[in-house]
$ cat coords_3.pdb   # PDB, C-alpha atoms and all ligand atoms
ATOM      1  CA  MET A  27    -100.117  83.889 157.510  1.00  0.00           C
ATOM      2  CA  HIS A  28     -98.917  80.506 158.715  1.00  0.00           C
ATOM      3  CA  GLU A  29     -97.975  79.732 162.274  1.00  0.00           C
ATOM      4  CA  VAL A  30     -94.459  81.079 162.730  1.00  0.00           C
ATOM      5  CA  TYR A  31     -91.714  81.307 165.294  1.00  0.00           C
ATOM      6  CA  PRO A  32     -90.756  84.975 165.512  1.00  0.00           C
ATOM      7  CA  ILE A  33     -87.037  84.654 166.204  1.00  0.00           C
ATOM      8  CA  PRO A  34     -85.385  87.913 167.373  1.00  0.00           C
ATOM      9  CA  ILE A  35     -82.174  88.627 165.511  1.00  0.00           C
ATOM     10  CA  GLN A  36     -79.224  90.593 166.888  1.00  0.00           C
ATOM     11  CA  LEU A  37     -76.339  92.037 164.968  1.00  0.00           C
ATOM     12  CA  PRO A  38     -73.069  90.074 165.379  1.00  0.00           C
ATOM     13  CA  ARG A  39     -70.706  91.654 167.905  1.00  0.00           C
ATOM     14  CA  ALA A  40     -68.249  94.106 166.338  1.00  0.00           C
ATOM     15  CA  GLY A  41     -65.355  92.122 164.908  1.00  0.00           C
ATOM     16  CA  ALA A  42     -66.988  88.819 165.800  1.00  0.00           C
ATOM     17  CA  ILE A  43     -66.269  85.813 163.671  1.00  0.00           C
ATOM     18  CA  LEU A  44     -69.402  83.679 163.528  1.00  0.00           C
ATOM     19  CA  ASP A  45     -69.354  79.940 163.328  1.00  0.00           C
ATOM     20  CA  ALA A  46     -70.936  78.584 160.176  1.00  0.00           C
ATOM     21  CA  TYR A  47     -74.135  77.430 161.897  1.00  0.00           C
ATOM     22  CA  GLU A  48     -74.623  80.760 163.659  1.00  0.00           C
ATOM     23  CA  ALA A  49     -73.966  82.677 160.450  1.00  0.00           C
ATOM     24  CA  ALA A  50     -76.445  80.572 158.461  1.00  0.00           C
ATOM     25  CA  THR A  51     -79.236  80.691 161.047  1.00  0.00           C
ATOM     26  CA  SER A  52     -78.952  84.214 162.430  1.00  0.00           C
ATOM     27  CA  ARG A  53     -79.057  86.092 159.139  1.00  0.00           C
ATOM     28  CA  LEU A  54     -82.061  88.233 158.345  1.00  0.00           C
ATOM     29  CA  ASP A  55     -82.783  90.092 155.125  1.00  0.00           C
ATOM     30  CA  VAL A  56     -82.274  93.823 155.535  1.00  0.00           C
ATOM     31  CA  ALA A  57     -83.209  96.549 153.055  1.00  0.00           C
ATOM     32  CA  GLU A  58     -82.463  99.654 155.132  1.00  0.00           C
ATOM     33  CA  PHE A  59     -78.807 100.421 155.420  1.00  0.00           C
ATOM     34  CA  SER A  60     -76.639 102.787 157.454  1.00  0.00           C
ATOM     35  CA  PRO A  61     -74.364 105.280 155.656  1.00  0.00           C
ATOM     36  CA  LYS A  62     -71.320 103.596 157.261  1.00  0.00           C
ATOM     37  CA  PRO A  63     -69.095 102.466 154.361  1.00  0.00           C
ATOM     38  CA  VAL A  64     -68.136  98.843 153.833  1.00  0.00           C
ATOM     39  CA  THR A  65     -64.389  98.477 153.286  1.00  0.00           C
ATOM     40  CA  ALA A  66     -62.915  97.366 149.961  1.00  0.00           C
ATOM     41  CA  ASP A  67     -61.482  94.354 151.773  1.00  0.00           C
ATOM     42  CA  VAL A  68     -64.916  93.127 152.917  1.00  0.00           C
ATOM     43  CA  LYS A  69     -66.362  93.704 149.429  1.00  0.00           C
ATOM     44  CA  LEU A  70     -63.541  91.635 147.925  1.00  0.00           C
ATOM     45  CA  LYS A  71     -64.123  88.894 150.508  1.00  0.00           C
ATOM     46  CA  VAL A  72     -67.777  88.714 149.436  1.00  0.00           C
ATOM     47  CA  ILE A  73     -66.806  88.395 145.764  1.00  0.00           C
ATOM     48  CA  ASP A  74     -64.126  85.863 146.610  1.00  0.00           C
ATOM     49  CA  ALA A  75     -66.627  83.781 148.592  1.00  0.00           C
ATOM     50  CA  ALA A  76     -68.842  83.825 145.485  1.00  0.00           C
ATOM     51  CA  ARG A  77     -65.994  82.732 143.235  1.00  0.00           C
ATOM     52  CA  LEU A  78     -65.123  79.864 145.565  1.00  0.00           C
ATOM     53  CA  THR A  79     -68.677  78.481 145.666  1.00  0.00           C
ATOM     54  CA  GLY A  80     -69.242  75.183 143.899  1.00  0.00           C
ATOM     55  CA  SER A  81     -71.399  75.187 140.756  1.00  0.00           C
ATOM     56  CA  GLY A  82     -73.075  72.415 138.761  1.00  0.00           C
ATOM     57  CA  MET A  83     -70.414  70.357 136.914  1.00  0.00           C
ATOM     58  CA  ASN A  84     -67.992  72.975 138.269  1.00  0.00           C
ATOM     59  CA  TYR A  85     -68.796  75.024 135.143  1.00  0.00           C
ATOM     60  CA  GLN A  86     -68.438  78.361 136.976  1.00  0.00           C
ATOM     61  CA  HIS A  87     -70.550  79.935 134.254  1.00  0.00           C
ATOM     62  CA  TRP A  88     -71.362  82.876 136.508  1.00  0.00           C
ATOM     63  CA  LYS A  89     -70.148  86.460 136.375  1.00  0.00           C
ATOM     64  CA  PHE A  90     -70.456  89.042 139.140  1.00  0.00           C
ATOM     65  CA  ILE A  91     -70.729  92.797 138.675  1.00  0.00           C
ATOM     66  CA  LEU A  92     -69.886  94.777 141.808  1.00  0.00           C
ATOM     67  CA  VAL A  93     -71.832  98.040 141.729  1.00  0.00           C
ATOM     68  CA  GLN A  94     -71.007 100.926 144.054  1.00  0.00           C
ATOM     69  CA  GLY A  95     -71.334 104.682 144.274  1.00  0.00           C
ATOM     70  CA  ARG A  96     -74.599 106.543 144.727  1.00  0.00           C
ATOM     71  CA  ASP A  97     -75.177 107.214 141.017  1.00  0.00           C
ATOM     72  CA  ARG A  98     -74.647 103.620 139.898  1.00  0.00           C
ATOM     73  CA  LEU A  99     -76.808 102.289 142.730  1.00  0.00           C
ATOM     74  CA  LYS A 100     -79.539 104.749 141.787  1.00  0.00           C
ATOM     75  CA  THR A 101     -79.410 103.507 138.194  1.00  0.00           C
ATOM     76  CA  LEU A 102     -79.639  99.933 139.460  1.00  0.00           C
ATOM     77  CA  ALA A 103     -82.700 100.876 141.527  1.00  0.00           C
ATOM     78  CA  ASN A 104     -84.316 102.593 138.523  1.00  0.00           C
ATOM     79  CA  ASP A 105     -83.798  99.412 136.471  1.00  0.00           C
ATOM     80  CA  SER A 106     -85.491  97.271 139.133  1.00  0.00           C
ATOM     81  CA  THR A 107     -89.158  96.517 139.737  1.00  0.00           C
ATOM     82  CA  THR A 108     -88.911  94.846 143.169  1.00  0.00           C
ATOM     83  CA  GLY A 109     -85.659  96.191 144.585  1.00  0.00           C
ATOM     84  CA  LYS A 110     -85.922  99.971 144.719  1.00  0.00           C
ATOM     85  CA  TRP A 111     -84.361  99.764 148.193  1.00  0.00           C
ATOM     86  CA  VAL A 112     -80.981  98.957 146.551  1.00  0.00           C
ATOM     87  CA  GLU A 113     -80.506 102.700 146.073  1.00  0.00           C
ATOM     88  CA  GLY A 114     -79.707 102.910 149.799  1.00  0.00           C
ATOM     89  CA  ALA A 115     -77.245 100.008 149.834  1.00  0.00           C
ATOM     90  CA  ASN A 116     -73.524 100.542 150.188  1.00  0.00           C
ATOM     91  CA  PHE A 117     -72.820  98.210 147.301  1.00  0.00           C
ATOM     92  CA  ALA A 118     -74.598  95.653 145.167  1.00  0.00           C
ATOM     93  CA  VAL A 119     -73.702  92.552 143.218  1.00  0.00           C
ATOM     94  CA  ILE A 120     -75.420  91.551 139.973  1.00  0.00           C
ATOM     95  CA  VAL A 121     -75.245  87.769 139.580  1.00  0.00           C
ATOM     96  CA  LEU A 122     -75.267  86.601 135.962  1.00  0.00           C
ATOM     97  CA  THR A 123     -75.740  82.912 135.186  1.00  0.00           C
ATOM     98  CA  ASN A 124     -76.010  80.994 131.941  1.00  0.00           C
ATOM     99  CA  PRO A 125     -79.568  79.755 131.244  1.00  0.00           C
ATOM    100  CA  LYS A 126     -78.305  77.117 128.808  1.00  0.00           C
ATOM    101  CA  TYR A 127     -77.613  75.025 131.923  1.00  0.00           C
ATOM    102  CA  GLY A 128     -80.843  73.686 133.420  1.00  0.00           C
ATOM    103  CA  PHE A 129     -79.439  74.038 136.926  1.00  0.00           C
ATOM    104  CA  HIS A 130     -78.267  77.638 136.558  1.00  0.00           C
ATOM    105  CA  LEU A 131     -80.811  78.976 139.064  1.00  0.00           C
ATOM    106  CA  ILE A 132     -79.656  76.453 141.650  1.00  0.00           C
ATOM    107  CA  ASP A 133     -76.159  77.832 141.150  1.00  0.00           C
ATOM    108  CA  ALA A 134     -77.501  81.382 141.473  1.00  0.00           C
ATOM    109  CA  GLY A 135     -79.273  80.481 144.726  1.00  0.00           C
ATOM    110  CA  ARG A 136     -76.224  78.807 146.111  1.00  0.00           C
ATOM    111  CA  VAL A 137     -73.855  81.621 145.314  1.00  0.00           C
ATOM    112  CA  LEU A 138     -76.169  84.344 146.602  1.00  0.00           C
ATOM    113  CA  GLN A 139     -76.487  82.560 149.935  1.00  0.00           C
ATOM    114  CA  THR A 140     -72.715  82.165 150.156  1.00  0.00           C
ATOM    115  CA  MET A 141     -72.276  85.895 149.606  1.00  0.00           C
ATOM    116  CA  GLN A 142     -74.942  86.798 152.157  1.00  0.00           C
ATOM    117  CA  ILE A 143     -73.408  84.583 154.824  1.00  0.00           C
ATOM    118  CA  ALA A 144     -69.877  85.759 154.070  1.00  0.00           C
ATOM    119  CA  ALA A 145     -70.979  89.399 154.402  1.00  0.00           C
ATOM    120  CA  TRP A 146     -72.925  88.669 157.585  1.00  0.00           C
ATOM    121  CA  ASN A 147     -69.754  87.279 159.119  1.00  0.00           C
ATOM    122  CA  PHE A 148     -68.481  90.876 159.029  1.00  0.00           C
ATOM    123  CA  GLY A 149     -71.769  92.356 160.269  1.00  0.00           C
ATOM    124  CA  VAL A 150     -72.782  93.406 156.736  1.00  0.00           C
ATOM    125  CA  ALA A 151     -76.449  92.742 156.052  1.00  0.00           C
ATOM    126  CA  SER A 152     -78.107  92.209 152.691  1.00  0.00           C
ATOM    127  CA  ARG A 153     -81.265  91.515 150.726  1.00  0.00           C
ATOM    128  CA  ILE A 154     -81.879  90.199 147.255  1.00  0.00           C
ATOM    129  CA  TYR A 155     -84.263  90.971 144.431  1.00  0.00           C
ATOM    130  CA  THR A 156     -85.148  89.383 141.135  1.00  0.00           C
ATOM    131  CA  GLY A 157     -87.608  91.830 139.555  1.00  0.00           C
ATOM    132  CA  LEU A 158     -85.811  93.917 136.941  1.00  0.00           C
ATOM    133  CA  ASN A 159     -86.022  95.496 133.522  1.00  0.00           C
ATOM    134  CA  ARG A 160     -83.670  93.370 131.448  1.00  0.00           C
ATOM    135  CA  GLU A 161     -83.332  95.827 128.542  1.00  0.00           C
ATOM    136  CA  ALA A 162     -82.511  98.685 130.874  1.00  0.00           C
ATOM    137  CA  MET A 163     -79.921  96.538 132.664  1.00  0.00           C
ATOM    138  CA  GLU A 164     -78.309  95.579 129.351  1.00  0.00           C
ATOM    139  CA  ARG A 165     -78.075  99.244 128.417  1.00  0.00           C
ATOM    140  CA  ASP A 166     -76.870 100.539 131.788  1.00  0.00           C
ATOM    141  CA  PHE A 167     -74.596  97.704 132.906  1.00  0.00           C
ATOM    142  CA  GLY A 168     -73.441  96.206 129.594  1.00  0.00           C
ATOM    143  CA  LEU A 169     -75.001  92.784 130.223  1.00  0.00           C
ATOM    144  CA  PRO A 170     -74.311  90.246 127.465  1.00  0.00           C
ATOM    145  CA  LYS A 171     -77.309  88.580 125.760  1.00  0.00           C
ATOM    146  CA  ASP A 172     -76.293  85.028 126.673  1.00  0.00           C
ATOM    147  CA  LEU A 173     -76.269  85.527 130.463  1.00  0.00           C
ATOM    148  CA  SER A 174     -79.284  86.091 132.741  1.00  0.00           C
ATOM    149  CA  PRO A 175     -79.257  88.606 135.575  1.00  0.00           C
ATOM    150  CA  SER A 176     -80.636  85.916 137.895  1.00  0.00           C
ATOM    151  CA  VAL A 177     -80.450  87.854 141.116  1.00  0.00           C
ATOM    152  CA  ILE A 178     -79.181  91.133 142.520  1.00  0.00           C
ATOM    153  CA  LEU A 179     -77.943  91.577 146.061  1.00  0.00           C
ATOM    154  CA  GLY A 180     -77.713  94.845 147.989  1.00  0.00           C
ATOM    155  CA  PHE A 181     -75.300  95.027 150.931  1.00  0.00           C
ATOM    156  CA  GLY A 182     -74.584  97.426 153.776  1.00  0.00           C
ATOM    157  CA  TYR A 183     -74.447  97.797 157.512  1.00  0.00           C
ATOM    158  CA  PRO A 184     -77.990  97.676 158.865  1.00  0.00           C
ATOM    159  CA  ALA A 185     -79.667 100.965 159.718  1.00  0.00           C
ATOM    160  CA  ARG A 186     -81.176  99.572 162.919  1.00  0.00           C
ATOM    161  CA  LYS A 187     -80.277  97.248 165.763  1.00  0.00           C
ATOM    162  CA  PRO A 188     -81.698  94.817 166.716  1.00  0.00           C
ATOM    163  CA  LEU A 189     -82.571  93.938 163.184  1.00  0.00           C
ATOM    164  CA  GLY A 190     -86.008  92.494 163.745  1.00  0.00           C
ATOM    165  CA  LYS A 191     -87.530  89.051 163.820  1.00  0.00           C
ATOM    166  CA  LYS A 192     -87.389  86.060 161.569  1.00  0.00           C
ATOM    167  CA  ASN A 193     -90.846  84.646 160.869  1.00  0.00           C
ATOM    168  CA  ARG A 194     -90.508  80.994 160.021  1.00  0.00           C
ATOM    169  CA  LYS A 195     -92.818  77.981 160.035  1.00  0.00           C
ATOM    170  CA  PRO A 196     -92.127  75.339 162.714  1.00  0.00           C
ATOM    171  CA  ILE A 197     -90.151  72.203 161.831  1.00  0.00           C
ATOM    172  CA  THR A 198     -93.269  70.028 162.119  1.00  0.00           C
ATOM    173  CA  GLU A 199     -94.872  71.985 159.294  1.00  0.00           C
ATOM    174  CA  VAL A 200     -92.020  71.853 156.814  1.00  0.00           C
ATOM    175  CA  ALA A 201     -90.045  68.667 157.544  1.00  0.00           C
ATOM    176  CA  TYR A 202     -91.083  65.014 157.372  1.00  0.00           C
ATOM    177  CA  LEU A 203     -89.485  61.815 158.615  1.00  0.00           C
ATOM    178  CA  ASP A 204     -89.012  58.944 156.177  1.00  0.00           C
ATOM    179  CA  ARG A 205     -92.058  59.719 154.054  1.00  0.00           C
ATOM    180  CA  PHE A 206     -94.063  62.731 152.935  1.00  0.00           C
ATOM    181  CA  GLY A 207     -96.739  63.680 155.450  1.00  0.00           C
ATOM    182  CA  ASN A 208     -95.091  62.103 158.519  1.00  0.00           C
ATOM    183  CA  PRO A 209     -94.071  65.192 160.556  1.00  0.00           C
ATOM    184  CA  LEU A 210     -90.557  65.384 161.932  1.00  0.00           C
ATOM    185  CA  ASP A 211     -91.401  66.156 165.567  1.00  0.00           C
ATOM    186  CA  PRO A 212     -88.247  67.424 167.335  1.00  0.00           C
ATOM    187  CA  ASP A 213     -89.313  66.136 170.799  1.00  0.00           C
ATOM    188  CA  LYS A 214     -90.105  62.632 169.588  1.00  0.00           C
ATOM    189  CA  PHE A 215     -87.047  62.613 167.353  1.00  0.00           C
ATOM    190  CA  ARG A 216     -84.708  63.342 170.253  1.00  0.00           C
ATOM    191  CA  GLN A 217     -86.200  60.483 172.320  1.00  0.00           C
ATOM    192  CA  GLN A 218     -85.810  57.738 169.736  1.00  0.00           C
TER
HETATM  193  C1  LIG B   1     -86.030  83.612 145.463  1.00  0.00           C
HETATM  194  C2  LIG B   1     -86.158  84.901 146.244  1.00  0.00           C
HETATM  195  C3  LIG B   1     -86.590  86.042 145.597  1.00  0.00           C
HETATM  196  C4  LIG B   1     -86.723  87.247 146.310  1.00  0.00           C
HETATM  197  N1  LIG B   1     -87.087  88.368 145.637  1.00  0.00           N
HETATM  198  C5  LIG B   1     -87.154  89.529 146.315  1.00  0.00           C
HETATM  199  C6  LIG B   1     -87.467  90.732 145.604  1.00  0.00           C
HETATM  200  O1  LIG B   1     -87.682  90.723 144.386  1.00  0.00           O
HETATM  201  N2  LIG B   1     -87.510  91.890 146.317  1.00  0.00           N
HETATM  202  C7  LIG B   1     -87.256  91.921 147.673  1.00  0.00           C
HETATM  203  O2  LIG B   1     -87.292  93.002 148.254  1.00  0.00           O
HETATM  204  N3  LIG B   1     -86.990  90.794 148.366  1.00  0.00           N
HETATM  205  C8  LIG B   1     -86.923  89.598 147.720  1.00  0.00           C
HETATM  206  N4  LIG B   1     -86.582  88.451 148.404  1.00  0.00           N
HETATM  207  C9  LIG B   1     -86.354  88.495 149.867  1.00  0.00           C
HETATM  208  C10 LIG B   1     -87.432  87.708 150.634  1.00  0.00           C
HETATM  209  O3  LIG B   1     -88.627  88.439 150.637  1.00  0.00           O
HETATM  210  C11 LIG B   1     -86.907  87.422 152.045  1.00  0.00           C
HETATM  211  O4  LIG B   1     -85.807  86.547 151.913  1.00  0.00           O
HETATM  212  C12 LIG B   1     -87.927  86.776 152.961  1.00  0.00           C
HETATM  213  O5  LIG B   1     -88.997  87.655 153.154  1.00  0.00           O
HETATM  214  C13 LIG B   1     -87.344  86.416 154.310  1.00  0.00           C
HETATM  215  O6  LIG B   1     -86.798  87.552 154.904  1.00  0.00           O
HETATM  216  P1  LIG B   1     -86.148  87.495 156.391  1.00  0.00           P
HETATM  217  O7  LIG B   1     -84.927  86.604 156.320  1.00  0.00           O
HETATM  218  O8  LIG B   1     -85.773  88.915 156.671  1.00  0.00           O
HETATM  219  O9  LIG B   1     -87.162  86.961 157.327  1.00  0.00           O
HETATM  220  C14 LIG B   1     -86.443  87.275 147.713  1.00  0.00           C
HETATM  221  C15 LIG B   1     -85.992  86.102 148.328  1.00  0.00           C
HETATM  222  C16 LIG B   1     -85.833  84.941 147.614  1.00  0.00           C
HETATM  223  C17 LIG B   1     -85.300  83.708 148.337  1.00  0.00           C
END
$ encode --input "coords_3.pdb" --output "structure tokens"
Amino acid sequence: MHEVYPIPIQLPRAGAILDAYEAATSRLDVAEFSPKPVTADVKLKVIDAARLTGSGMNYQHWKFILVQGRDRLKTLANDSTTGKWVEGANFAVIVLTNPKYGFHLIDAGRVLQTMQIAAWNFGVASRIYTGLNREAMERDFGLPKDLSPSVILGFGYPARKPLGKKNRKPITEVAYLDRFGNPLDPDKFRQQ
């Protein structure tokens, strides 16, 4: 494992509205959810945040399937290879994008992050997975042939607080200044 900063993560205060920076940096992926239901209003806000995300050429080629209810979530879990935990989510979103656009996975990444941050604003945690059985998903969720199930997100209130720690590489290991290989050192950078 690389050198990491283990950053402890707390749940947002009940009813708190996070600023955008706090929401983006405090989020942690969670795969164990509490039975507390997420309201229809919050679910709709997550889908609306997805809809409002910008896509390449503004094509908006994506479709979102909101999946809820224990039986449907269990089917989703059975159709997955790397996201069995989705069975315990309160709801899930299947993100379909059109592979005829070379940038469709960038759009998928962008929209999934928007949804995760929007949910986190209401204290709703999430995780994603990409490993799935395409044929089974077509059968069980009516997916059309021309769209790819690029990513699936599971959402719910987290089962535990605090959530855990974020393990991330330090800035000097992942960011460079002006040219590749020249580390961006935060201390030196502040002094210039
Ligand atoms: C492109 C991508 C694919 C991922 N695929 C899966 C997956 O198939 N199953 C899963 O449980 N988590 C998956 N994850 C979640 C990552 O493992 C997780 O974001 C990472 O470990 C950081 O988690 P943290 O924010 O809790 O520290 C995926 C994340 C990304 C960005």
$ residues_near_ligand --input "coords_3.pdb" --ligand "ligand LIG 1 (chain B)" --cutoff "9 Å" --atoms "all atoms listed in the file" --output "ChimeraX atom specification"
/A:52-57,106-112,135,153-158,177-178,189-194
$ atom_distance --input "coords_3.pdb" --atom1 "CA of Ser152 (chain A)" --atom2 "CA of Glu58 (chain A)"
9.0 Å
$ closest_residue --input "coords_3.pdb" --among "A:Lys100, A:Thr198, A:Leu179, A:Pro209" --to "Thr140 (chain A)" --atoms "all atoms listed in the file"
A:Leu179
$ resolve_selection --input "coords_3.pdb" --expression "the PyMOL selection byres (((chain A and resi 142) around 12) and not hetatm)" --output "PyMOL selection string"
chain A and resi 49-56+68-69+71-73+75-76+118-119+135-141+143-154+178-182
$ closest_residue --input "coords_3.pdb" --among "A:Leu131, A:Leu44, A:Val64, A:Met83" --to "Ala115 (chain A)" --atoms "all atoms listed in the file"
A:Val64
$ atom_distance --input "coords_3.pdb" --atom1 "CA of Asn116 (chain A)" --atom2 "CA of Gln94 (chain A)"
6.6 Å
$ atom_distance --input "coords_3.pdb" --atom1 "CA of Phe117 (chain A)" --atom2 "CA of Asp172 (chain A)"
24.7 Å
$ axis_aligned_box --input "coords_3.pdb" --around "region 160-172 of chain A" --padding-each-side "6 Å" --output "lines of an AutoDock Vina configuration file"
center_x = -78.6
center_y = 92.8
center_z = 129.3
size_x = 22.2
size_y = 27.5
size_z = 19.1
$ resolve_selection --input "coords_3.pdb" --expression "the PyMOL selection byres (((chain A and resi 90) around 8) and not hetatm)" --output "mmCIF file with C-alpha atoms, in the coordinates of the input"
data_model
loop_
_atom_site.group_PDB
_atom_site.id
_atom_site.type_symbol
_atom_site.label_atom_id
_atom_site.label_comp_id
_atom_site.auth_asym_id
_atom_site.auth_seq_id
_atom_site.Cartn_x
_atom_site.Cartn_y
_atom_site.Cartn_z
ATOM 1 C CA ILE A 73 -66.806 88.395 145.764
ATOM 2 C CA TRP A 88 -71.362 82.876 136.508
ATOM 3 C CA LYS A 89 -70.148 86.460 136.375
ATOM 4 C CA ILE A 91 -70.729 92.797 138.675
ATOM 5 C CA LEU A 92 -69.886 94.777 141.808
ATOM 6 C CA VAL A 119 -73.702 92.552 143.218
ATOM 7 C CA ILE A 120 -75.420 91.551 139.973
ATOM 8 C CA VAL A 121 -75.245 87.769 139.580
ATOM 9 C CA LEU A 122 -75.267 86.601 135.962
#
$ residues_around --input "coords_3.pdb" --residues "Asp105 (chain A)" --least-positions-apart "2" --cutoff "6 Å" --atoms "all atoms listed in the file" --output "list in words"
Leu102, Ala103, Leu158, Asn159 and Ala162 of chain A
